[in-house]
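J.: This is the content of structure.tsv (TSV, C-alpha atoms and all ligand atoms):
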```tsv
chain	number	residue	atom	x	y	z
C	1	MET	CA	5.69	-5.71	45.29
C	2	HIS	CA	3.92	-2.42	44.83
C	3	LYS	CA	5.81	0.58	46.28
C	4	ALA	CA	3.86	3.07	48.33
C	5	ASN	CA	3.78	6.72	47.32
C	6	GLU	CA	1.54	7.73	50.24
C	7	THR	CA	0.42	6.12	53.49
C	8	VAL	CA	-1.57	2.98	52.68
C	9	LEU	CA	-2.77	-0.13	54.42
C	10	GLU	CA	-2.32	-2.98	51.97
C	11	ILE	CA	-4.69	-5.88	52.51
C	12	ASN	CA	-3.72	-9.20	51.04
C	13	LEU	CA	-6.70	-11.42	50.25
C	14	THR	CA	-4.49	-14.39	49.37
C	15	SER	CA	-3.20	-14.31	52.95
C	16	LEU	CA	-6.77	-14.04	54.22
C	17	GLU	CA	-7.69	-17.15	52.25
C	18	HIS	CA	-4.66	-18.97	53.69
C	19	ASN	CA	-5.71	-18.06	57.25
C	20	LEU	CA	-9.29	-19.15	56.62
C	21	ARG	CA	-8.03	-22.50	55.32
C	22	TYR	CA	-5.71	-22.92	58.30
C	23	LEU	CA	-8.45	-22.19	60.82
C	24	ARG	CA	-10.85	-24.54	59.02
C	25	SER	CA	-8.20	-27.27	59.17
C	26	LYS	CA	-8.40	-27.09	62.98
C	27	ILE	CA	-12.13	-27.87	63.12
C	28	GLU	CA	-14.43	-30.58	61.81
C	29	PRO	CA	-15.79	-30.05	58.30
C	30	SER	CA	-19.30	-29.87	59.77
C	31	THR	CA	-18.42	-27.09	62.25
C	32	LYS	CA	-19.55	-23.69	61.02
C	33	LEU	CA	-17.25	-20.68	61.00
C	34	MET	CA	-18.38	-17.22	62.02
C	35	ALA	CA	-16.04	-14.51	60.77
C	36	VAL	CA	-15.80	-11.62	63.22
C	37	VAL	CA	-15.67	-8.44	61.14
C	38	LYS	CA	-16.38	-5.87	63.84
C	39	ALA	CA	-14.36	-2.67	64.07
C	40	TYR	CA	-14.03	-2.42	60.27
C	41	ALA	CA	-12.79	-6.03	60.19
C	42	TYR	CA	-10.11	-5.14	62.75
C	43	GLY	CA	-9.14	-2.14	60.66
C	44	ASN	CA	-8.92	-4.07	57.40
C	45	ASP	CA	-12.04	-2.86	55.51
C	46	SER	CA	-15.03	-4.89	56.60
C	47	CYS	CA	-16.94	-4.75	53.30
C	48	GLU	CA	-14.03	-6.00	51.20
C	49	ILE	CA	-13.17	-8.67	53.77
C	50	ALA	CA	-16.77	-9.81	54.14
C	51	LYS	CA	-17.34	-9.98	50.38
C	52	PHE	CA	-14.28	-12.15	50.00
C	53	LEU	CA	-15.15	-14.40	52.93
C	54	GLU	CA	-18.74	-14.73	51.74
C	55	SER	CA	-17.42	-15.95	48.39
C	56	LYS	CA	-15.38	-18.54	50.31
C	57	GLY	CA	-18.45	-19.89	52.07
C	58	VAL	CA	-18.10	-18.51	55.59
C	59	GLU	CA	-21.39	-19.38	57.31
C	60	TYR	CA	-21.88	-16.37	59.55
C	61	PHE	CA	-20.56	-12.88	60.24
C	62	ALA	CA	-20.38	-11.06	63.57
C	63	VAL	CA	-20.16	-7.34	64.19
C	64	ALA	CA	-20.22	-5.48	67.49
C	65	TYR	CA	-22.79	-2.77	66.72
C	66	ALA	CA	-25.74	-2.53	64.38
C	67	TYR	CA	-24.32	0.15	62.09
C	68	GLU	CA	-21.39	-2.12	61.27
C	69	GLY	CA	-23.86	-4.71	60.02
C	70	VAL	CA	-25.80	-2.07	58.09
C	71	ALA	CA	-22.60	-1.23	56.17
C	72	LEU	CA	-22.19	-4.88	55.22
C	73	ARG	CA	-25.79	-5.18	54.03
C	74	LYS	CA	-25.40	-2.00	51.97
C	75	ALA	CA	-22.34	-3.60	50.37
C	76	GLY	CA	-24.50	-6.55	49.33
C	77	ILE	CA	-23.63	-9.11	52.01
C	78	THR	CA	-26.50	-11.61	52.40
C	79	THR	CA	-24.90	-14.05	54.88
C	80	PRO	CA	-26.49	-13.92	58.38
C	81	ILE	CA	-24.92	-11.28	60.63
C	82	LEU	CA	-24.87	-11.51	64.43
C	83	VAL	CA	-24.76	-8.19	66.29
C	84	LEU	CA	-22.68	-9.05	69.36
C	85	HIS	CA	-23.57	-5.96	71.35
C	86	SER	CA	-27.12	-5.07	70.46
C	87	ILE	CA	-28.48	-1.94	72.05
C	88	PRO	CA	-32.20	-1.08	72.11
C	89	ALA	CA	-31.60	2.29	70.42
C	90	GLN	CA	-30.33	0.31	67.41
C	91	PHE	CA	-33.17	-2.25	67.18
C	92	GLU	CA	-34.92	-0.48	64.30
C	93	GLU	CA	-31.77	-0.71	62.18
C	94	ILE	CA	-31.26	-4.30	63.21
C	95	ILE	CA	-34.70	-5.22	61.93
C	96	GLU	CA	-34.61	-3.07	58.82
C	97	PHE	CA	-31.35	-4.65	57.69
C	98	HIS	CA	-32.11	-8.21	58.79
C	99	LEU	CA	-29.38	-8.34	61.40
C	100	GLU	CA	-29.55	-10.84	64.24
C	101	PRO	CA	-29.23	-9.44	67.76
C	102	ASN	CA	-27.45	-11.02	70.66
C	103	LEU	CA	-29.89	-10.77	73.58
C	104	TYR	CA	-27.79	-10.84	76.73
C	105	ASN	CA	-29.98	-9.65	79.60
C	106	LYS	CA	-33.60	-9.34	80.64
C	107	LYS	CA	-33.98	-5.70	79.67
C	108	VAL	CA	-32.69	-6.17	76.12
C	109	LEU	CA	-34.64	-9.40	75.65
C	110	GLU	CA	-37.93	-7.93	76.85
C	111	GLU	CA	-37.52	-4.76	74.81
C	112	PHE	CA	-36.82	-6.77	71.68
C	113	MET	CA	-39.77	-9.09	72.36
C	114	SER	CA	-42.18	-6.23	72.82
C	115	LEU	CA	-40.95	-4.56	69.63
C	116	MET	CA	-41.61	-7.82	67.76
C	117	LYS	CA	-45.14	-7.96	69.19
C	118	HIS	CA	-45.73	-4.32	68.36
C	119	LYS	CA	-44.58	-4.85	64.77
C	120	GLY	CA	-46.35	-8.19	64.45
C	121	ILE	CA	-43.12	-9.93	63.44
C	122	GLN	CA	-42.77	-13.67	63.99
C	123	ASN	CA	-39.85	-16.03	64.10
C	124	TYR	CA	-37.14	-13.33	64.14
C	125	PRO	CA	-33.64	-14.87	64.45
C	126	ILE	CA	-31.87	-14.01	67.70
C	127	HIS	CA	-28.92	-15.34	69.72
C	128	LEU	CA	-28.60	-15.75	73.48
C	129	LYS	CA	-25.32	-15.12	75.24
C	130	PHE	CA	-24.35	-16.67	78.56
C	131	ASN	CA	-21.71	-15.50	80.97
C	132	THR	CA	-19.35	-18.32	81.92
C	133	GLY	CA	-16.64	-16.31	83.65
C	134	LEU	CA	-15.63	-13.34	81.52
C	135	ASN	CA	-18.21	-11.26	83.39
C	136	ARG	CA	-18.94	-9.04	80.45
C	137	LEU	CA	-22.28	-9.54	78.62
C	138	GLY	CA	-24.57	-12.51	79.14
C	139	PHE	CA	-27.30	-14.29	81.04
C	140	GLU	CA	-26.38	-16.45	84.01
C	141	ALA	CA	-27.13	-20.14	84.47
C	142	ARG	CA	-29.73	-19.13	87.06
C	143	ASP	CA	-31.67	-17.25	84.34
C	144	LEU	CA	-32.59	-20.48	82.51
C	145	ASN	CA	-36.02	-20.75	84.10
C	146	TYR	CA	-36.72	-17.09	83.35
C	147	LEU	CA	-35.68	-17.71	79.73
C	148	TYR	CA	-37.99	-20.69	79.49
C	149	ASP	CA	-40.87	-18.64	80.90
C	150	GLN	CA	-40.21	-15.88	78.37
C	151	LEU	CA	-39.28	-17.92	75.32
C	152	GLY	CA	-40.56	-21.46	75.83
C	153	GLN	CA	-44.01	-20.79	74.36
C	154	GLN	CA	-43.80	-17.93	71.91
C	155	ASN	CA	-43.37	-17.47	68.20
C	156	GLN	CA	-41.89	-13.97	67.95
C	157	LEU	CA	-38.28	-15.09	68.32
C	158	ASN	CA	-36.33	-17.92	66.72
C	159	ILE	CA	-33.40	-18.84	68.96
C	160	VAL	CA	-30.67	-19.55	66.42
C	161	SER	CA	-27.74	-19.95	68.76
C	162	LEU	CA	-26.49	-20.01	72.32
C	163	PHE	CA	-22.99	-18.75	72.92
C	164	SER	CA	-20.41	-17.61	75.42
C	165	HIS	CA	-16.97	-16.02	75.27
C	166	LEU	CA	-13.65	-17.15	76.75
C	167	ALA	CA	-11.58	-14.85	78.93
C	168	ALA	CA	-8.07	-16.19	78.32
C	169	SER	CA	-8.07	-18.80	75.56
C	170	GLU	CA	-4.56	-17.76	74.47
C	171	ASP	CA	-3.06	-18.25	77.95
C	172	LEU	CA	-2.31	-21.91	78.60
C	173	SER	CA	-1.09	-21.12	82.12
C	174	VAL	CA	-4.75	-20.68	83.06
C	175	LYS	CA	-6.02	-23.67	81.13
C	176	ASP	CA	-8.12	-24.81	84.10
C	177	PHE	CA	-10.06	-21.55	83.99
C	178	THR	CA	-10.83	-22.00	80.29
C	179	LEU	CA	-11.80	-25.66	80.75
C	180	LYS	CA	-14.16	-24.58	83.52
C	181	GLN	CA	-15.74	-22.00	81.21
C	182	ILE	CA	-16.24	-24.63	78.50
C	183	SER	CA	-17.75	-27.12	80.92
C	184	LYS	CA	-20.03	-24.46	82.37
C	185	PHE	CA	-21.18	-23.63	78.84
C	186	LYS	CA	-21.85	-27.30	78.16
C	187	ASP	CA	-23.86	-27.58	81.35
C	188	ILE	CA	-25.96	-24.47	80.62
C	189	THR	CA	-26.64	-25.45	77.03
C	190	ASP	CA	-27.51	-29.07	77.96
C	191	ARG	CA	-30.04	-27.78	80.45
C	192	PHE	CA	-31.40	-25.32	77.87
C	193	MET	CA	-31.81	-28.03	75.21
C	194	ASN	CA	-33.52	-30.36	77.70
C	195	GLN	CA	-35.96	-27.69	78.73
C	196	PHE	CA	-36.67	-26.28	75.27
C	197	GLY	CA	-36.46	-29.56	73.39
C	198	PHE	CA	-34.36	-28.36	70.46
C	199	HIS	CA	-30.70	-27.83	69.59
C	200	PRO	CA	-29.67	-24.29	68.58
C	201	LEU	CA	-26.15	-23.69	67.25
C	202	LEU	CA	-23.70	-23.66	70.17
C	203	HIS	CA	-20.44	-21.69	70.06
C	204	ILE	CA	-17.81	-20.50	72.51
C	205	LEU	CA	-14.38	-20.57	70.80
C	206	ASN	CA	-12.64	-17.47	69.47
C	207	THR	CA	-9.37	-17.66	67.51
C	208	SER	CA	-7.14	-18.85	70.34
C	209	GLY	CA	-9.96	-21.13	71.45
C	210	ILE	CA	-9.91	-22.74	67.98
C	211	LEU	CA	-6.14	-23.11	68.14
C	212	ASN	CA	-5.99	-24.47	71.69
C	213	TYR	CA	-9.34	-26.09	72.50
C	214	ALA	CA	-10.89	-27.33	69.24
C	215	ASP	CA	-10.93	-30.89	70.57
C	216	ILE	CA	-13.38	-30.19	73.37
C	217	GLY	CA	-14.87	-26.79	72.67
C	218	GLN	CA	-15.86	-26.45	69.02
C	219	PHE	CA	-19.54	-27.45	69.42
C	220	ASP	CA	-21.48	-26.40	66.26
C	221	MET	CA	-19.70	-23.19	65.31
C	222	VAL	CA	-16.54	-21.22	66.13
C	223	ARG	CA	-15.85	-17.49	65.86
C	224	SER	CA	-12.65	-16.05	64.49
C	225	GLY	CA	-11.46	-12.49	64.17
C	226	ILE	CA	-7.74	-12.02	64.80
C	227	GLY	CA	-6.79	-15.39	63.28
C	228	LEU	CA	-8.35	-14.49	59.95
C	229	TYR	CA	-6.29	-11.31	59.94
C	230	GLY	CA	-3.14	-13.34	60.53
C	231	TYR	CA	-2.31	-13.31	64.24
C	232	GLY	CA	-2.40	-16.31	66.56
C	233	ASN	CA	-1.57	-14.76	69.95
C	234	ASP	CA	1.36	-17.17	70.14
C	235	PRO	CA	4.67	-17.32	68.26
C	236	ASP	CA	4.04	-20.90	67.05
C	237	TYR	CA	0.63	-20.09	65.63
C	238	ASP	CA	1.88	-16.78	64.23
C	239	GLN	CA	4.22	-18.88	62.07
C	240	GLU	CA	1.27	-20.70	60.52
C	241	LEU	CA	-0.82	-17.60	59.85
C	242	LYS	CA	-0.12	-14.76	57.45
C	243	PRO	CA	-0.83	-11.17	58.56
C	244	ILE	CA	-3.06	-9.70	55.89
C	245	GLY	CA	-2.28	-6.02	56.52
C	246	THR	CA	0.88	-4.07	55.76
C	247	LEU	CA	0.98	-0.43	56.80
C	248	LYS	CA	3.30	1.52	54.50
C	249	SER	CA	4.21	5.15	54.28
C	250	ILE	CA	6.88	7.35	52.75
C	251	ILE	CA	9.55	9.82	53.79
C	252	SER	CA	8.04	13.26	53.14
C	253	GLN	CA	11.10	15.28	54.11
C	254	ILE	CA	14.62	14.79	55.43
C	255	HIS	CA	16.45	17.26	57.70
C	256	THR	CA	19.88	17.18	59.19
C	257	VAL	CA	19.92	18.53	62.74
C	258	ASN	CA	22.96	19.36	64.82
C	259	GLU	CA	24.00	18.28	68.27
C	260	GLY	CA	21.74	20.07	70.78
C	261	ASP	CA	18.88	20.71	68.32
C	262	SER	CA	15.46	19.49	69.33
C	263	VAL	CA	12.86	17.79	67.18
C	264	GLY	CA	9.09	17.99	67.44
C	265	TYR	CA	6.57	19.19	70.01
C	266	ASN	CA	7.87	19.90	73.49
C	267	MET	CA	11.39	19.19	72.29
C	268	GLY	CA	10.64	15.48	72.64
C	269	PHE	CA	14.02	14.59	71.12
C	270	THR	CA	17.36	16.35	71.42
C	271	ALA	CA	20.14	15.34	69.05
C	272	THR	CA	23.36	14.19	70.72
C	273	ASN	CA	25.21	14.31	67.40
C	274	THR	CA	24.52	15.32	63.82
C	275	THR	CA	21.35	13.44	62.96
C	276	ARG	CA	19.41	12.93	59.73
C	277	ILE	CA	15.75	12.80	60.53
C	278	GLY	CA	12.83	11.74	58.34
C	279	ILE	CA	9.30	13.10	58.53
C	280	ILE	CA	6.67	10.38	57.96
C	281	PRO	CA	3.02	11.20	57.15
C	282	VAL	CA	1.38	8.99	59.77
C	283	GLY	CA	0.53	10.07	63.31
C	284	HIS	CA	-1.59	9.42	66.35
C	285	ALA	CA	-4.77	10.35	64.46
C	286	ASP	CA	-3.93	7.45	62.15
C	287	GLY	CA	-3.63	5.02	65.04
C	288	ILE	CA	0.10	5.21	65.73
C	289	GLY	CA	-0.14	6.52	69.27
C	290	ARG	CA	2.26	8.57	71.34
C	291	HIS	CA	3.29	5.42	73.20
C	292	PHE	CA	5.38	4.54	70.11
C	293	GLY	CA	7.34	7.79	70.35
C	294	LYS	CA	10.59	8.55	72.16
C	295	GLN	CA	12.52	5.64	70.61
C	296	LYS	CA	10.07	2.92	71.66
C	297	GLY	CA	8.86	2.03	68.19
C	298	PHE	CA	10.72	1.92	64.89
C	299	LEU	CA	9.88	1.85	61.21
C	300	THR	CA	11.58	-0.34	58.64
C	301	ILE	CA	13.35	1.22	55.67
C	302	GLY	CA	14.85	-1.36	53.35
C	303	SER	CA	16.38	-3.77	55.83
C	304	LYS	CA	17.18	-1.09	58.43
C	305	ARG	CA	15.32	0.05	61.52
C	306	ALA	CA	14.62	3.75	61.99
C	307	PRO	CA	13.67	4.58	65.60
C	308	ILE	CA	10.69	6.90	66.09
C	309	ILE	CA	12.08	9.97	67.84
C	310	GLY	CA	10.37	12.61	69.94
C	311	ASN	CA	6.63	12.81	70.38
C	312	VAL	CA	4.37	11.32	67.73
C	313	CYS	CA	2.28	14.19	66.28
C	314	MET	CA	-1.33	14.00	65.13
C	315	ASP	CA	-0.56	13.63	61.43
C	316	MET	CA	3.10	12.68	61.30
C	317	LEU	CA	6.03	11.29	63.16
C	318	MET	CA	9.79	11.63	62.95
C	319	VAL	CA	12.44	8.94	62.66
C	320	ASP	CA	16.19	8.81	63.06
C	321	LEU	CA	17.75	8.03	59.67
C	322	ASN	CA	21.39	7.86	60.76
C	323	GLY	CA	23.10	5.00	59.01
C	324	ILE	CA	20.22	4.46	56.59
C	325	ASP	CA	20.72	5.03	52.90
C	326	CYS	CA	17.45	6.65	51.80
C	327	GLU	CA	15.96	9.76	50.25
C	328	GLU	CA	12.77	11.79	50.25
C	329	GLY	CA	9.91	9.83	48.71
C	330	ASP	CA	11.26	6.41	49.72
C	331	GLU	CA	8.90	3.82	51.12
C	332	VAL	CA	8.88	2.95	54.85
C	333	ILE	CA	7.06	0.07	56.53
C	334	VAL	CA	5.29	0.65	59.82
C	335	PHE	CA	4.23	-2.99	60.20
C	336	GLY	CA	3.82	-6.04	58.00
C	337	GLY	CA	6.45	-8.30	56.47
C	338	PRO	CA	9.35	-9.09	58.80
C	339	VAL	CA	8.00	-6.80	61.57
C	340	SER	CA	4.42	-7.93	62.14
C	341	ALA	CA	1.74	-5.79	63.75
C	342	GLU	CA	2.20	-7.96	66.83
C	343	ASP	CA	5.94	-7.15	66.96
C	344	PHE	CA	5.31	-3.47	66.36
C	345	ALA	CA	2.50	-3.39	68.95
C	346	LYS	CA	4.85	-4.82	71.58
C	347	THR	CA	7.28	-1.92	71.17
C	348	GLY	CA	4.47	0.38	72.31
C	349	ASN	CA	3.39	-1.97	75.09
C	350	THR	CA	0.13	-2.93	73.40
C	351	ILE	CA	-1.28	-5.87	71.40
C	352	SER	CA	-2.03	-6.52	67.73
C	353	TYR	CA	-5.79	-6.18	68.34
C	354	GLU	CA	-5.49	-2.62	69.66
C	355	LEU	CA	-3.00	-1.54	67.01
C	356	ILE	CA	-4.80	-2.82	63.92
C	357	THR	CA	-8.33	-1.88	64.99
C	358	GLY	CA	-7.07	1.64	65.65
C	359	ILE	CA	-5.77	2.32	62.13
C	360	SER	CA	-7.81	5.33	61.10
C	361	GLN	CA	-10.17	5.16	58.17
C	362	ARG	CA	-8.46	8.19	56.65
C	363	ILE	CA	-5.66	5.85	55.58
C	364	LYS	CA	-6.33	4.44	52.15
C	365	ARG	CA	-6.89	0.68	51.99
C	366	VAL	CA	-5.42	-1.06	48.97
C	367	ILE	CA	-6.74	-4.54	48.28
C	368	ILE	CA	-4.20	-7.01	46.92
C	369	LYS	CA	-5.60	-10.14	45.29
C	401	LIG	C1	-14.26	-9.96	69.25
C	401	LIG	C2	-14.92	-11.24	69.60
C	401	LIG	C3	-14.52	-12.45	69.01
C	401	LIG	C4	-13.29	-12.58	68.14
C	401	LIG	O1	-12.18	-12.89	68.92
C	401	LIG	P1	-10.75	-13.19	68.26
C	401	LIG	O2	-9.85	-13.40	69.42
C	401	LIG	O3	-10.39	-11.98	67.47
C	401	LIG	O4	-10.93	-14.39	67.39
C	401	LIG	C5	-15.27	-13.58	69.27
C	401	LIG	N1	-16.35	-13.53	70.08
C	401	LIG	C6	-16.74	-12.39	70.70
C	401	LIG	C7	-17.92	-12.41	71.60
C	401	LIG	C8	-16.04	-11.21	70.48
C	401	LIG	O5	-16.42	-10.09	71.11
```
Here is a file; write its structure as structure tokens.
T.:
Amino acid sequence: MHKANETVLEINLTSLEHNLRYLRSKIEPSTKLMAVVKAYAYGNDSCEIAKFLESKGVEYFAVAYAYEGVALRKAGITTPILVLHSIPAQFEEIIEFHLEPNLYNKKVLEEFMSLMKHKGIQNYPIHLKFNTGLNRLGFEARDLNYLYDQLGQQNQLNIVSLFSHLAASEDLSVKDFTLKQISKFKDITDRFMNQFGFHPLLHILNTSGILNYADIGQFDMVRSGIGLYGYGNDPDYDQELKPIGTLKSIISQIHTVNEGDSVGYNMGFTATNTTRIGIIPVGHADGIGRHFGKQKGFLTIGSKRAPIIGNVCMDMLMVDLNGIDCEEGDEVIVFGGPVSAEDFAKTGNTISYELITGISQRIKRVIIK
């Protein structure tokens, strides 16, 4: 394996392909897969990830905001792209780059409609989101008549899909809640299809939905983000998936401090004996937050664990090297390999999603094929 000589996030496309194959194995061959590549593909480099997934036949992409879709189009992605959180100020970019907005309330729907009329555009692909219990974005079941009044007899918009989002698909202790969301979605979409007389793509499952509810909830399409990147929100599924990202760094400098000496800002660590400390060029501006400091998190050096000591700084952090045979310039692993991003995230009381999406774009991404 390639040894780091600076801080890098290695992205393994072979693992990505494995995860895609695993997720596909959970659904019918006819069910489409939408790859969620928002937030820079969860920190993994959205253009590289999307190019690879496009070559593997993924049917749809989803981003959160228009500019994320613009970046994909500029990189040459031609697969349809759903903008999950479309905002009227971004409609011009959505149209210019052939992105497909999610219309989730009356205001956004009517503004988009009137822009279509104004521009004389017909048959523009859009998606409608329904709230089934998450209480985030989406129309309500009671809006169906309004939607028919607005959209039943018009040719500006082409309703490509109806979708909803689950609140706790990874948590089987609240299975009843999820089943209720799925049945509510079925009810809303049945009524929609009766009224409108056609069948748009229907989708509600995210990664944990695919893993736990594919039998009843897969409809026409499923959406996966975290699963593609190698995390299953469950130790059993984590075993089947392969994390695609490994965050590596190096030891920039080693000091030996004496009993009573402090290390870092605000004397966040005080040595209780003679301690070798390593300075690592990754900090809270890179996405390794202060919650990992003060011996909560640790880095891996060879097969040893080096606790993060003191307060994490903006551009670097310090580790305790006692008992570890290493020298300046050696590679250290922040996460990836035996300590996954999920394991590392837990030490700072957070989750893989927050950790990996927060890895700053100043860290170089290295694609491994
Ligand atoms: C982020 C997001 C997803 C992806 O969820 P994962 O748990 O990462 O698979 C799916 N759908 C919506 C609406 C989202 O916002």
J.: Counting all atoms listed in the file, give me one row per residue of range 70-133 of chain C with an atom at most 7 Å from an atom of range 39-57 of chain C, showing the shortest contact pair and its distance in Å to one decimal, sorted by chain then residue number, as JSON lines.
T.:
```
{"residue": "C:Leu72", "atom": "CA", "partner": "C:Cys47", "partner_atom": "CA", "distance": 5.6}
{"residue": "C:Ala75", "atom": "CA", "partner": "C:Cys47", "partner_atom": "CA", "distance": 6.3}
{"residue": "C:Ile77", "atom": "CA", "partner": "C:Lys51", "partner_atom": "CA", "distance": 6.6}
{"residue": "C:Thr79", "atom": "CA", "partner": "C:Glu54", "partner_atom": "CA", "distance": 6.9}
```
J.: Using all atoms listed in the file, which residues sit within 7 Å of Leu157 in chain C once same-chain residues fewer than 5 positions away are excluded, as a PDB file with C-alpha atoms, in the coordinates of the input?
T.:
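So part-v9.pdb came out as:
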```pdb
ATOM      1  CA  GLN C 122     -42.770 -13.670  63.990  1.00  0.00           C
ATOM      2  CA  ASN C 123     -39.850 -16.030  64.100  1.00  0.00           C
ATOM      3  CA  TYR C 124     -37.140 -13.330  64.140  1.00  0.00           C
ATOM      4  CA  PRO C 125     -33.640 -14.870  64.450  1.00  0.00           C
ATOM      5  CA  ILE C 126     -31.870 -14.010  67.700  1.00  0.00           C
TER       6      ILE C 126
END
```
J.: Which residue is closest to Ala167 in chain C? Choose from C:Val332, C:Asp325, C:His291, C:Asn131 and count only C-alpha atoms.
T.: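 Of all the options, C:Asn131 lies closest to Ala167 in chain C.
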J.: Please report the interatomic distance between CA of Asp190 in chain C and CA of Met116 in chain C in Å with one decimal.
T.: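 CA of Asp190 in chain C sits 27.5 Å away from CA of Met116 in chain C.
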J.: Kindly assemble as JSON lines a list of the chain C residues that lie within 8 Å of ligand LIG 401 (chain C), each paired with its nearest atom pair and their distance in Å to one decimal, using all atoms listed in the file, sorted first by chain and then by ascending residue number.
T.:
```
{"residue": "C:Val36", "atom": "CA", "partner": "C:LIG401", "partner_atom": "C4", "distance": 5.6}
{"residue": "C:Lys38", "atom": "CA", "partner": "C:LIG401", "partner_atom": "C1", "distance": 7.1}
{"residue": "C:Ala64", "atom": "CA", "partner": "C:LIG401", "partner_atom": "O5", "distance": 7.0}
{"residue": "C:Leu84", "atom": "CA", "partner": "C:LIG401", "partner_atom": "C7", "distance": 6.2}
{"residue": "C:Ser164", "atom": "CA", "partner": "C:LIG401", "partner_atom": "C7", "distance": 6.9}
{"residue": "C:His165", "atom": "CA", "partner": "C:LIG401", "partner_atom": "C7", "distance": 5.2}
{"residue": "C:Ile204", "atom": "CA", "partner": "C:LIG401", "partner_atom": "N1", "distance": 7.5}
{"residue": "C:Leu205", "atom": "CA", "partner": "C:LIG401", "partner_atom": "C5", "distance": 7.2}
{"residue": "C:Asn206", "atom": "CA", "partner": "C:LIG401", "partner_atom": "O4", "distance": 4.1}
{"residue": "C:Thr207", "atom": "CA", "partner": "C:LIG401", "partner_atom": "O4", "distance": 3.6}
{"residue": "C:Ser208", "atom": "CA", "partner": "C:LIG401", "partner_atom": "O2", "distance": 6.2}
{"residue": "C:Gly209", "atom": "CA", "partner": "C:LIG401", "partner_atom": "O4", "distance": 7.9}
{"residue": "C:Arg223", "atom": "CA", "partner": "C:LIG401", "partner_atom": "C5", "distance": 5.2}
{"residue": "C:Ser224", "atom": "CA", "partner": "C:LIG401", "partner_atom": "O4", "distance": 3.8}
{"residue": "C:Gly225", "atom": "CA", "partner": "C:LIG401", "partner_atom": "O3", "distance": 3.5}
{"residue": "C:Ile226", "atom": "CA", "partner": "C:LIG401", "partner_atom": "O3", "distance": 3.8}
{"residue": "C:Gly227", "atom": "CA", "partner": "C:LIG401", "partner_atom": "O4", "distance": 5.9}
{"residue": "C:Leu228", "atom": "CA", "partner": "C:LIG401", "partner_atom": "O4", "distance": 7.9}
{"residue": "C:Tyr353", "atom": "CA", "partner": "C:LIG401", "partner_atom": "O3", "distance": 7.5}
```
J.: Which residue, C:Gly152, C:Leu317, C:Asp176, C:Ala345, has the smallest gap to Gly197 in chain C when you use all atoms listed in the file?
T.: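 Nearest to Gly197 in chain C: C:Gly152.
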J.: Would you mind reading off the distance between CA of Gly337 in chain C and CA of Asn233 in chain C, one decimal, in Å?
T.: 17.0 Å
